[in-house]
Amino acid sequence: MSLISLKEILADAESRNYAVGLFNCAGTDSLKAIIRGAEECNSPVILGIAEVHMPYAPVDLMAPMMVDAAKRAKVPVTVHLDHGQNFETIIKTMKYGFTSVMFDGSVLEYDENIKKTREIVKIAKALGISVEAELGHVGGAEGGGSDEHEEYYTEPEKALDFVNQTEIDALAIAIGTAHGEYVKKPCLDVNRLSEINAKVDVPLVLHGGSGLSDDDFRECIKRGIRKINIFTDMSYAAAEGLRKLLEQKKKFHCFELSEVAEEYMKKVVMKKIRLFGSDSKA
Ligand SMILES: [Zn+2]
């Protein structure tokens, strides 16, 4: 029961007006934190890995563990590739049994984004795998730093055309959020979100969620966001836990590091799950 597609997991969110968190894992500590956090909250969850994190968390090691953990979980889990860019990586995660992939063509020309997204959708649909794509560009780089591309907001009319032409299952939109830590206060265009939601009938995805206020999240969910990506908040929480451990103890085993990191990240996962309203929805 537990490993399901993105389309399925978001259909329930849509019908009961909540959002499902996508939490990226970058190793076994985060993987355990996400699954255990979701189980403790009795919440559906999206377990992700971002292509840019693969130099640190090799996909050939992570993917089999992620799929296995999802199958064993007591709650519904979607295993998702976040920001897939290379065709080879996308196909590889499909072969490993991921139930969802994101193709990120947000920096491509509009027609090129449609063409490439359609290619992925064609393959994914034949395998029962969901596809998320992005229109408009959420600035900043996954895991900190900045990318060289300017951010631009999603246009509602274009969003409708994009979804119709690509037949994707979920659409990531740009309404003023940025990846990583915010350098300036985000200015969310929630009216734009409502306009897109009125036009498009696939679930909408919010990237760059770390750093928004609780009220921002509630407002976005009220206006139609059904999937929210979280990584930076979790990642920083792990570092905070390790800092405290280092202050308390001079000597410890490596598994204590993992334990502390997991505990701190699990707290973030559970807090977000409750905020998104997906707790007790499994
Ligand atoms: Zn993202």
# chains A, B, ... in the order shown; residues from 1 in each chain; ligands from 1
call {"tool": "residues_near_ligand", "arguments": {"ligand": "ligand 1", "cutoff": "7 Å", "atoms": "only C-alpha atoms and all ligand atoms", "output": "MDAnalysis selection string"}}
result
chainID A and resid 82:83 142 179 207:208 229
call {"tool": "residues_around", "arguments": {"residues": "Gly27 in chain A", "least_positions_apart": "2", "cutoff": "12 Å", "atoms": "only C-alpha atoms", "output": "MDAnalysis selection string"}}
result
chainID A and resid 24:25 29:34 47:50 53:63 65:66 235 238 258 261:262 265
call {"tool": "closest_residue", "arguments": {"among": "A:Ala11, A:Ile35, A:Ala124, A:Val75", "to": "Ala282 in chain A", "atoms": "only C-alpha atoms"}}
result
A:Val75
call {"tool": "residues_around", "arguments": {"residues": "Asn42 in chain A", "least_positions_apart": "3", "cutoff": "10 Å", "atoms": "only C-alpha atoms", "output": "list of chain:residue names"}}
result
A:Arg36, A:Gly37, A:Ala38, A:Glu39, A:Val45, A:Lys74, A:Val75, A:Pro76, A:Met270, A:Ile273, A:Ser278, A:Asp279, A:Ser280, A:Lys281, A:Ala282
call {"tool": "closest_residue", "arguments": {"among": "A:Asp68, A:Ala159, A:Pro203, A:Val52", "to": "Ser15 in chain A", "atoms": "only C-alpha atoms"}}
result
A:Pro203
call {"tool": "atom_distance", "arguments": {"atom1": "CA of Ile196 in chain A", "atom2": "CA of Gly128 in chain A"}}
result
26.2 Å
call {"tool": "atom_distance", "arguments": {"atom1": "CA of Gly97 in chain A", "atom2": "CA of Lys7 in chain A"}}
result
15.4 Å
call {"tool": "residues_around", "arguments": {"residues": "Gly224 in chain A", "least_positions_apart": "4", "cutoff": "8 Å", "atoms": "only C-alpha atoms", "output": "PyMOL selection string"}}
result
chain A and resi 17+193-194+197+203-204+220
call {"tool": "select_by_dssp", "arguments": {"residues": "range 8-139 of chain A", "states": "strand (DSSP E)", "output": "list of chain:residue names"}}
result
A:Val20, A:Gly21, A:Leu22, A:Phe23, A:Asn24, A:Val45, A:Ile46, A:Leu47, A:Gly48, A:Ile49, A:Ala50, A:Val77, A:Thr78, A:Val79, A:His80, A:Leu81, A:Asp82, A:His83, A:Gly84, A:Ser100, A:Val101, A:Met102, A:Phe103, A:Ser130, A:Val131, A:Glu132, A:Ala133, A:Glu134, A:Leu135
call {"tool": "select_by_dssp", "arguments": {"residues": "range 95-272 of chain A", "states": "helix (DSSP H, G or I)", "output": "PDB file with C-alpha atoms, in the first residue's frame"}}
result
ATOM      1  CA  LYS A  95      14.505   1.983 -13.520  1.00  0.00           C
ATOM      2  CA  TYR A  96      15.150   1.964  -9.788  1.00  0.00           C
ATOM      3  CA  TYR A 110       9.278  27.854 -23.603  1.00  0.00           C
ATOM      4  CA  ASP A 111       8.943  25.583 -26.665  1.00  0.00           C
ATOM      5  CA  GLU A 112      12.032  23.625 -25.727  1.00  0.00           C
ATOM      6  CA  ASN A 113      10.714  23.130 -22.182  1.00  0.00           C
ATOM      7  CA  ILE A 114       7.461  21.755 -23.633  1.00  0.00           C
ATOM      8  CA  LYS A 115       9.255  19.471 -26.080  1.00  0.00           C
ATOM      9  CA  LYS A 116      11.613  17.971 -23.479  1.00  0.00           C
ATOM     10  CA  THR A 117       8.887  17.652 -20.840  1.00  0.00           C
ATOM     11  CA  ARG A 118       6.656  15.807 -23.313  1.00  0.00           C
ATOM     12  CA  GLU A 119       9.410  13.322 -24.041  1.00  0.00           C
ATOM     13  CA  ILE A 120       9.685  12.458 -20.355  1.00  0.00           C
ATOM     14  CA  VAL A 121       5.904  12.333 -19.911  1.00  0.00           C
ATOM     15  CA  LYS A 122       5.564   9.863 -22.771  1.00  0.00           C
ATOM     16  CA  ILE A 123       8.007   7.415 -21.181  1.00  0.00           C
ATOM     17  CA  ALA A 124       6.786   7.976 -17.621  1.00  0.00           C
ATOM     18  CA  LYS A 125       3.104   7.487 -18.476  1.00  0.00           C
ATOM     19  CA  ALA A 126       3.840   4.120 -20.088  1.00  0.00           C
ATOM     20  CA  LEU A 127       5.410   3.045 -16.786  1.00  0.00           C
ATOM     21  CA  PRO A 156      -1.297  32.015 -15.636  1.00  0.00           C
ATOM     22  CA  GLU A 157      -2.232  31.867 -19.332  1.00  0.00           C
ATOM     23  CA  LYS A 158       1.046  30.183 -20.230  1.00  0.00           C
ATOM     24  CA  ALA A 159       0.631  27.743 -17.349  1.00  0.00           C
ATOM     25  CA  LEU A 160      -2.637  26.505 -18.830  1.00  0.00           C
ATOM     26  CA  ASP A 161      -1.089  26.069 -22.277  1.00  0.00           C
ATOM     27  CA  PHE A 162       1.957  24.344 -20.783  1.00  0.00           C
ATOM     28  CA  VAL A 163      -0.115  21.820 -18.834  1.00  0.00           C
ATOM     29  CA  ASN A 164      -2.353  21.105 -21.833  1.00  0.00           C
ATOM     30  CA  GLN A 165       0.572  20.537 -24.146  1.00  0.00           C
ATOM     31  CA  THR A 166       2.744  18.480 -21.808  1.00  0.00           C
ATOM     32  CA  VAL A 190      -0.487  34.964  -3.866  1.00  0.00           C
ATOM     33  CA  ASN A 191      -2.977  36.537  -6.284  1.00  0.00           C
ATOM     34  CA  ARG A 192      -0.969  35.075  -9.128  1.00  0.00           C
ATOM     35  CA  LEU A 193      -1.178  31.694  -7.379  1.00  0.00           C
ATOM     36  CA  SER A 194      -4.987  31.944  -7.229  1.00  0.00           C
ATOM     37  CA  GLU A 195      -5.130  32.919 -10.904  1.00  0.00           C
ATOM     38  CA  ILE A 196      -2.998  29.947 -11.928  1.00  0.00           C
ATOM     39  CA  ASN A 197      -5.036  27.620  -9.726  1.00  0.00           C
ATOM     40  CA  ALA A 198      -8.280  28.807 -11.326  1.00  0.00           C
ATOM     41  CA  LYS A 199      -6.964  28.018 -14.807  1.00  0.00           C
ATOM     42  CA  ASP A 214       3.768  29.657   8.796  1.00  0.00           C
ATOM     43  CA  ASP A 215       1.137  32.092   7.578  1.00  0.00           C
ATOM     44  CA  ASP A 216       2.694  32.150   4.103  1.00  0.00           C
ATOM     45  CA  PHE A 217       2.367  28.374   3.917  1.00  0.00           C
ATOM     46  CA  ARG A 218      -1.243  28.382   5.130  1.00  0.00           C
ATOM     47  CA  GLU A 219      -2.160  31.048   2.604  1.00  0.00           C
ATOM     48  CA  CYS A 220      -0.499  29.138  -0.242  1.00  0.00           C
ATOM     49  CA  ILE A 221      -2.288  25.907   0.696  1.00  0.00           C
ATOM     50  CA  LYS A 222      -5.595  27.753   0.923  1.00  0.00           C
ATOM     51  CA  THR A 232      17.314  23.792   3.631  1.00  0.00           C
ATOM     52  CA  ASP A 233      15.454  23.940   6.972  1.00  0.00           C
ATOM     53  CA  MET A 234      16.153  20.244   7.524  1.00  0.00           C
ATOM     54  CA  SER A 235      19.750  20.511   6.488  1.00  0.00           C
ATOM     55  CA  TYR A 236      20.431  23.435   8.836  1.00  0.00           C
ATOM     56  CA  ALA A 237      18.658  21.662  11.705  1.00  0.00           C
ATOM     57  CA  ALA A 238      21.036  18.705  11.354  1.00  0.00           C
ATOM     58  CA  ALA A 239      24.006  21.056  11.507  1.00  0.00           C
ATOM     59  CA  GLU A 240      22.554  22.724  14.594  1.00  0.00           C
ATOM     60  CA  GLY A 241      22.220  19.367  16.333  1.00  0.00           C
ATOM     61  CA  LEU A 242      25.794  18.459  15.516  1.00  0.00           C
ATOM     62  CA  ARG A 243      27.046  21.800  16.804  1.00  0.00           C
ATOM     63  CA  LYS A 244      25.364  21.117  20.146  1.00  0.00           C
ATOM     64  CA  LEU A 245      26.798  17.618  20.305  1.00  0.00           C
ATOM     65  CA  LEU A 246      30.292  18.975  19.690  1.00  0.00           C
ATOM     66  CA  GLU A 247      29.847  21.484  22.489  1.00  0.00           C
ATOM     67  CA  GLN A 248      28.752  18.785  24.947  1.00  0.00           C
ATOM     68  CA  CYS A 254      30.181   8.327  14.285  1.00  0.00           C
ATOM     69  CA  PHE A 255      26.749   6.767  14.793  1.00  0.00           C
ATOM     70  CA  GLU A 256      26.029   9.369  17.470  1.00  0.00           C
ATOM     71  CA  LEU A 257      26.432  11.990  14.776  1.00  0.00           C
ATOM     72  CA  SER A 258      23.848  10.190  12.664  1.00  0.00           C
ATOM     73  CA  GLU A 259      21.487   9.827  15.585  1.00  0.00           C
ATOM     74  CA  VAL A 260      21.583  13.525  16.435  1.00  0.00           C
ATOM     75  CA  ALA A 261      21.246  14.605  12.809  1.00  0.00           C
ATOM     76  CA  GLU A 262      18.270  12.295  12.347  1.00  0.00           C
ATOM     77  CA  GLU A 263      16.537  13.534  15.489  1.00  0.00           C
ATOM     78  CA  TYR A 264      16.893  17.195  14.569  1.00  0.00           C
ATOM     79  CA  MET A 265      15.754  16.652  10.987  1.00  0.00           C
ATOM     80  CA  LYS A 266      12.803  14.539  12.107  1.00  0.00           C
ATOM     81  CA  LYS A 267      11.565  17.436  14.243  1.00  0.00           C
ATOM     82  CA  VAL A 268      11.548  19.712  11.184  1.00  0.00           C
ATOM     83  CA  VAL A 269       9.745  17.077   9.100  1.00  0.00           C
ATOM     84  CA  MET A 270       7.040  16.642  11.750  1.00  0.00           C
ATOM     85  CA  LYS A 271       6.594  20.358  12.263  1.00  0.00           C
ATOM     86  CA  LYS A 272       6.122  20.936   8.520  1.00  0.00           C
TER      87      LYS A 272
END
call {"tool": "atom_distance", "arguments": {"atom1": "CA of Tyr153 in chain A", "atom2": "CA of Ile46 in chain A"}}
result
25.0 Å
call {"tool": "residues_around", "arguments": {"residues": "Leu212 in chain A", "least_positions_apart": "5", "cutoff": "9 Å", "atoms": "only C-alpha atoms", "output": "PyMOL selection string"}}
result
chain A and resi 177+182+185-186+217
call {"tool": "write_last_selection", "arguments": {"atoms": "C-alpha atoms", "output": "compact mmCIF listing (two decimals), in the first residue's frame"}}
result
# COMPACT_ATOMS: atom_id res chain seq x y z
CA THR A 177 10.03 31.99 -3.55
CA TYR A 182 16.69 33.80 1.63
CA LYS A 185 12.45 38.69 2.57
CA PRO A 186 10.42 36.78 -0.03
CA PHE A 217 2.37 28.37 3.92
call {"tool": "closest_residue", "arguments": {"among": "A:Asp169, A:Val77, A:Val101, A:Arg226", "to": "Ser2 in chain A", "atoms": "only C-alpha atoms"}}
result
A:Val77
call {"tool": "closest_residue", "arguments": {"among": "A:Gly140, A:Leu206, A:Phe103, A:Arg72", "to": "Ala178 in chain A", "atoms": "only C-alpha atoms"}}
result
A:Gly140
